[in-house]
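Asker: Just passing along the structure, written as structure tokens.
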Amino acid sequence: MIRITLAARRGATALVLACATLAAASMTAEAHEFKVGSIGIEHPWSRATPPGARTGAGYLALSNSGTETDRLVSAASPMAEKVEVHEMTIVDGVMNMSQVAGGIEIPAGGEAALAPGGFHLMLVGIKEPFKQGDMVPVTLTFEKAGSVEVELDVGSMGAKEPAHDHGTADPAHAH
Ligand SMILES: [Cu+2]
């Protein structure tokens, strides 16, 4: 009798754990994929910022299942004074960042990546440091597909370390 009870309990515990793991896994997957019109947004993420940092970055992958080119034209976040769409380039060995005129193009049936070292979202005037595990809400606006709110999943400060650091006071950022 006791044996059966223990076995039943163990079984129940294992089941609860399995369910919790499944729930967590599916929640994570949902949180990292968004869709608006024919635009898919995958795994939006950011990095933890050092104390006193005034900027944070946002990265994500875009896909376009439609038949027309679309553009990521602007973004906004309640966590920052403004969000700019940036491109990083290296000219004569000097890292430069500039706003992307006309937005980031996502060709029909194609993809565009915002990733360290290239296109990125620049959250300017962040209200508090981003901490690992935070979810930072950002509204993305596309020329054709319209607007959608996504969440940047904040990784560690050195996550997928890019060629430059958005966190420190950076003369290249004086724009
Ligand atoms: Cu930037």
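Chain labels follow the order of the structure tokens: the first chain is A, the next B, and so on; residue numbering restarts at 1 in every chain, and ligands are counted from 1 in their shown order.
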Val148 in chain A: which residues within 7 Å, counting only C-alpha atoms, same-chain residues fewer than 6 positions away excluded, as JSON, numbers by chain?

Answerer: {"A": [36, 139, 140, 141]}

Asker: Got time to write the residues from that selection, N, CA and C atoms, as a PDB file, in the first residue's frame?

Answerer:
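Output below, filename selection-v7.pdb:
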ATOM      1  N   VAL A  36       3.675  39.983 -38.284  1.00  0.00           N
ATOM      2  CA  VAL A  36       2.729  41.033 -38.646  1.00  0.00           C
ATOM      3  C   VAL A  36       2.636  41.041 -40.171  1.00  0.00           C
ATOM      4  N   THR A 139       8.367  48.352 -30.201  1.00  0.00           N
ATOM      5  CA  THR A 139       7.398  48.328 -31.306  1.00  0.00           C
ATOM      6  C   THR A 139       8.128  48.578 -32.612  1.00  0.00           C
ATOM      7  N   LEU A 140       7.994  47.645 -33.527  1.00  0.00           N
ATOM      8  CA  LEU A 140       8.614  47.764 -34.845  1.00  0.00           C
ATOM      9  C   LEU A 140       7.560  48.228 -35.836  1.00  0.00           C
ATOM     10  N   THR A 141       7.938  49.166 -36.697  1.00  0.00           N
ATOM     11  CA  THR A 141       6.993  49.615 -37.721  1.00  0.00           C
ATOM     12  C   THR A 141       7.560  49.361 -39.111  1.00  0.00           C
TER      13      THR A 141
END

Asker: For Glu68 in chain A, find every residue with an atom within 9 Å (counting only C-alpha atoms), except residues of its own chain fewer than 4 positions away, and show them as number ranges by chain.

Answerer: A: 64, 106-109, 144

Asker: Show which residues sit within 12 Å of Leu121 in chain A, as a ChimeraX atom specification. Count only C-alpha atoms, and ignore same-chain residues fewer than 5 positions away.

Answerer: /A:44-47,55-61,72-77,80,82-88,97-100,103-104,113-116,138-140,152,166

Asker: Would you mind writing down, as a compact mmCIF listing (two decimals) with N, CA and C atoms, in the first residue's frame, each residue of range 42-155 of chain A that DSSP on the backbone assigns to strand (DSSP E or B)?

Answerer:
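Generated file (result20.txt):
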# COMPACT_ATOMS: atom_id res chain seq x y z
N GLU A 42 12.08 36.91 -35.76
CA GLU A 42 12.57 35.80 -34.95
C GLU A 42 13.63 36.23 -33.95
N HIS A 43 13.50 35.69 -32.77
CA HIS A 43 14.46 35.83 -31.69
C HIS A 43 15.01 37.25 -31.51
N PRO A 44 14.14 38.19 -31.17
CA PRO A 44 14.67 39.52 -30.85
C PRO A 44 15.47 39.46 -29.54
N TRP A 45 16.66 40.03 -29.54
CA TRP A 45 17.48 39.93 -28.33
C TRP A 45 18.32 41.19 -28.13
N SER A 46 18.85 41.31 -26.94
CA SER A 46 19.70 42.43 -26.60
C SER A 46 20.76 41.91 -25.63
N ARG A 47 21.61 42.81 -25.19
CA ARG A 47 22.62 42.43 -24.21
C ARG A 47 22.47 43.29 -22.96
N THR A 55 22.85 53.75 -23.88
CA THR A 55 22.30 53.09 -25.06
C THR A 55 22.29 51.57 -24.89
N GLY A 56 21.36 50.96 -25.58
CA GLY A 56 21.32 49.50 -25.66
C GLY A 56 21.06 49.14 -27.11
N ALA A 57 21.33 47.89 -27.46
CA ALA A 57 21.16 47.47 -28.84
C ALA A 57 20.05 46.43 -28.94
N GLY A 58 19.49 46.31 -30.13
CA GLY A 58 18.49 45.28 -30.37
C GLY A 58 18.82 44.54 -31.65
N TYR A 59 18.71 43.21 -31.59
CA TYR A 59 19.01 42.37 -32.75
C TYR A 59 17.84 41.42 -32.99
N LEU A 60 17.61 41.10 -34.26
CA LEU A 60 16.54 40.17 -34.60
C LEU A 60 16.67 39.76 -36.06
N ALA A 61 15.94 38.72 -36.41
CA ALA A 61 15.94 38.25 -37.81
C ALA A 61 14.57 38.50 -38.41
N LEU A 62 14.55 39.03 -39.64
CA LEU A 62 13.30 39.35 -40.32
C LEU A 62 13.15 38.47 -41.55
N SER A 63 11.92 38.05 -41.81
CA SER A 63 11.65 37.33 -43.05
C SER A 63 10.38 37.88 -43.66
N ASN A 64 10.29 37.77 -44.97
CA ASN A 64 9.15 38.32 -45.69
C ASN A 64 8.55 37.22 -46.58
N ASP A 70 9.32 44.87 -48.36
CA ASP A 70 8.88 45.71 -47.25
C ASP A 70 10.11 46.32 -46.58
N ARG A 71 9.90 47.26 -45.67
CA ARG A 71 11.02 47.90 -44.99
C ARG A 71 10.71 48.09 -43.52
N LEU A 72 11.70 47.81 -42.69
CA LEU A 72 11.61 48.20 -41.28
C LEU A 72 12.00 49.68 -41.23
N VAL A 73 11.01 50.54 -41.00
CA VAL A 73 11.27 51.98 -41.11
C VAL A 73 11.52 52.66 -39.76
N SER A 74 10.92 52.16 -38.69
CA SER A 74 11.15 52.81 -37.40
C SER A 74 10.84 51.87 -36.26
N ALA A 75 11.24 52.29 -35.06
CA ALA A 75 10.98 51.49 -33.87
C ALA A 75 10.87 52.42 -32.68
N ALA A 76 10.22 51.94 -31.63
CA ALA A 76 10.05 52.74 -30.42
C ALA A 76 9.99 51.80 -29.22
N ALA A 80 13.16 53.50 -23.65
CA ALA A 80 14.19 54.39 -24.19
C ALA A 80 13.55 55.67 -24.71
N GLU A 81 14.35 56.74 -24.72
CA GLU A 81 13.82 58.01 -25.24
C GLU A 81 13.49 57.86 -26.72
N LYS A 82 14.35 57.19 -27.45
CA LYS A 82 14.05 56.91 -28.85
C LYS A 82 14.80 55.65 -29.30
N VAL A 83 14.32 55.08 -30.37
CA VAL A 83 14.97 53.91 -30.95
C VAL A 83 15.31 54.22 -32.40
N GLU A 84 16.58 54.07 -32.74
CA GLU A 84 17.01 54.34 -34.10
C GLU A 84 17.38 53.04 -34.80
N VAL A 85 17.20 53.05 -36.12
CA VAL A 85 17.61 51.90 -36.93
C VAL A 85 19.00 52.23 -37.48
N HIS A 86 19.99 51.46 -37.05
CA HIS A 86 21.40 51.78 -37.34
C HIS A 86 22.05 50.75 -38.23
N GLU A 87 23.10 51.21 -38.87
CA GLU A 87 24.00 50.29 -39.54
C GLU A 87 25.41 50.58 -39.08
N MET A 88 26.14 49.52 -38.79
CA MET A 88 27.54 49.68 -38.42
C MET A 88 28.39 49.33 -39.62
N THR A 89 29.33 50.20 -39.94
CA THR A 89 30.26 49.91 -41.02
C THR A 89 31.67 50.25 -40.54
N ILE A 90 32.64 49.64 -41.15
CA ILE A 90 34.02 49.97 -40.83
C ILE A 90 34.66 50.59 -42.06
N VAL A 91 35.05 51.86 -41.94
CA VAL A 91 35.66 52.58 -43.04
C VAL A 91 37.07 52.95 -42.64
N VAL A 94 37.96 52.38 -39.10
CA VAL A 94 37.23 53.12 -38.08
C VAL A 94 35.77 52.69 -38.09
N MET A 95 35.29 52.28 -36.91
CA MET A 95 33.92 51.85 -36.77
C MET A 95 32.99 53.06 -36.80
N ASN A 96 31.97 52.95 -37.60
CA ASN A 96 31.01 54.02 -37.75
C ASN A 96 29.60 53.50 -37.61
N MET A 97 28.74 54.32 -37.02
CA MET A 97 27.34 53.94 -36.98
C MET A 97 26.51 55.08 -37.54
N SER A 98 25.56 54.72 -38.34
CA SER A 98 24.69 55.76 -38.89
C SER A 98 23.28 55.23 -38.99
N GLN A 99 22.33 56.15 -38.99
CA GLN A 99 20.94 55.74 -39.18
C GLN A 99 20.76 55.30 -40.62
N ILE A 104 15.41 49.37 -43.29
CA ILE A 104 16.07 48.12 -43.69
C ILE A 104 15.14 47.34 -44.61
N GLU A 105 15.63 47.03 -45.79
CA GLU A 105 14.83 46.35 -46.80
C GLU A 105 14.72 44.85 -46.52
N ILE A 106 13.51 44.34 -46.63
CA ILE A 106 13.28 42.89 -46.53
C ILE A 106 12.66 42.47 -47.85
N GLU A 111 15.02 37.66 -46.60
CA GLU A 111 15.30 37.87 -45.19
C GLU A 111 16.21 39.07 -44.98
N ALA A 112 16.22 39.58 -43.77
CA ALA A 112 17.18 40.61 -43.38
C ALA A 112 17.54 40.34 -41.93
N ALA A 113 18.79 40.55 -41.60
CA ALA A 113 19.25 40.27 -40.24
C ALA A 113 19.74 41.54 -39.56
N LEU A 114 19.30 41.73 -38.33
CA LEU A 114 19.88 42.75 -37.47
C LEU A 114 20.75 41.99 -36.48
N PHE A 119 23.41 45.78 -39.23
CA PHE A 119 22.20 46.49 -38.84
C PHE A 119 21.86 46.17 -37.39
N HIS A 120 21.33 47.16 -36.69
CA HIS A 120 20.83 46.92 -35.33
C HIS A 120 19.86 48.02 -34.95
N LEU A 121 19.09 47.76 -33.91
CA LEU A 121 18.29 48.82 -33.30
C LEU A 121 19.15 49.45 -32.23
N MET A 122 19.13 50.77 -32.16
CA MET A 122 19.85 51.47 -31.11
C MET A 122 18.85 52.14 -30.20
N LEU A 123 18.78 51.66 -28.97
CA LEU A 123 17.87 52.25 -28.00
C LEU A 123 18.66 53.36 -27.30
N VAL A 124 18.25 54.58 -27.57
CA VAL A 124 18.99 55.75 -27.08
C VAL A 124 18.28 56.34 -25.88
N GLY A 125 19.06 56.65 -24.84
CA GLY A 125 18.49 57.23 -23.64
C GLY A 125 17.70 56.20 -22.86
N ILE A 126 18.33 55.05 -22.58
CA ILE A 126 17.60 54.00 -21.85
C ILE A 126 17.39 54.43 -20.40
N MET A 135 12.99 41.41 -20.36
CA MET A 135 12.36 41.44 -21.67
C MET A 135 12.05 42.91 -21.95
N VAL A 136 12.65 43.45 -22.98
CA VAL A 136 12.48 44.87 -23.31
C VAL A 136 11.48 45.01 -24.47
N PRO A 137 10.33 45.64 -24.20
CA PRO A 137 9.34 45.80 -25.26
C PRO A 137 9.78 46.82 -26.31
N VAL A 138 9.62 46.46 -27.56
CA VAL A 138 9.95 47.36 -28.67
C VAL A 138 8.85 47.22 -29.72
N THR A 139 8.37 48.35 -30.20
CA THR A 139 7.40 48.33 -31.31
C THR A 139 8.13 48.58 -32.61
N LEU A 140 7.99 47.65 -33.53
CA LEU A 140 8.61 47.76 -34.84
C LEU A 140 7.56 48.23 -35.84
N THR A 141 7.94 49.17 -36.70
CA THR A 141 6.99 49.62 -37.72
C THR A 141 7.56 49.36 -39.11
N PHE A 142 6.78 48.62 -39.90
CA PHE A 142 7.15 48.28 -41.27
C PHE A 142 6.33 49.14 -42.23
N GLY A 146 2.91 47.29 -41.28
CA GLY A 146 2.41 48.00 -40.12
C GLY A 146 3.26 47.75 -38.89
N SER A 147 2.65 47.89 -37.70
CA SER A 147 3.41 47.85 -36.45
C SER A 147 3.15 46.58 -35.66
N VAL A 148 4.14 46.17 -34.91
CA VAL A 148 4.01 45.01 -34.04
C VAL A 148 4.92 45.19 -32.84
N GLU A 149 4.42 44.77 -31.66
CA GLU A 149 5.28 44.85 -30.48
C GLU A 149 5.99 43.52 -30.27
N VAL A 150 7.30 43.60 -30.10
CA VAL A 150 8.10 42.42 -29.81
C VAL A 150 8.83 42.65 -28.48
N GLU A 151 9.50 41.63 -27.98
CA GLU A 151 10.27 41.78 -26.76
C GLU A 151 11.69 41.32 -27.00
N LEU A 152 12.64 42.17 -26.63
CA LEU A 152 14.05 41.79 -26.73
C LEU A 152 14.40 40.98 -25.49
N ASP A 153 14.89 39.80 -25.71
CA ASP A 153 15.32 38.93 -24.64
C ASP A 153 16.77 39.31 -24.29
N VAL A 154 16.98 39.83 -23.09
CA VAL A 154 18.30 40.37 -22.75
C VAL A 154 19.25 39.26 -22.29
N GLY A 155 20.32 39.10 -23.05
CA GLY A 155 21.34 38.12 -22.71
C GLY A 155 22.44 38.74 -21.86

Asker: So the first atom is atom 1 (Cu, counted along the ligand's line) of ligand 1 and the second is CA of Gly133 in chain A; what is the distance between them in Å, to one decimal place?

Answerer: 21.8 Å

Asker: Between A:Phe34, A:Phe130, A:Pro51, A:Gly117, which has the minimum distance to ligand 1 (counting only C-alpha atoms and all ligand atoms)?

Answerer: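 Of A:Phe34, A:Phe130, A:Pro51, A:Gly117, the one nearest ligand 1, counting only C-alpha atoms and all ligand atoms, is A:Gly117.
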
Asker: Can you measure CA of Lys35 in chain A to CA of Ser156 in chain A for me? One decimal in Å is fine.

Answerer: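 Computed distance, CA of Lys35 in chain A to CA of Ser156 in chain A, equals 25.9 Å.
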
Asker: Nearest residue to ligand 1 out of A:Gly158, A:Gly93, A:Arg54, A:Asp134, using only C-alpha atoms and all ligand atoms?

Answerer: A:Arg54

Asker: What is the distance between CA of Glu33 in chain A and CA of Pro129 in chain A, in Å to one decimal?

Answerer: 24.2 Å
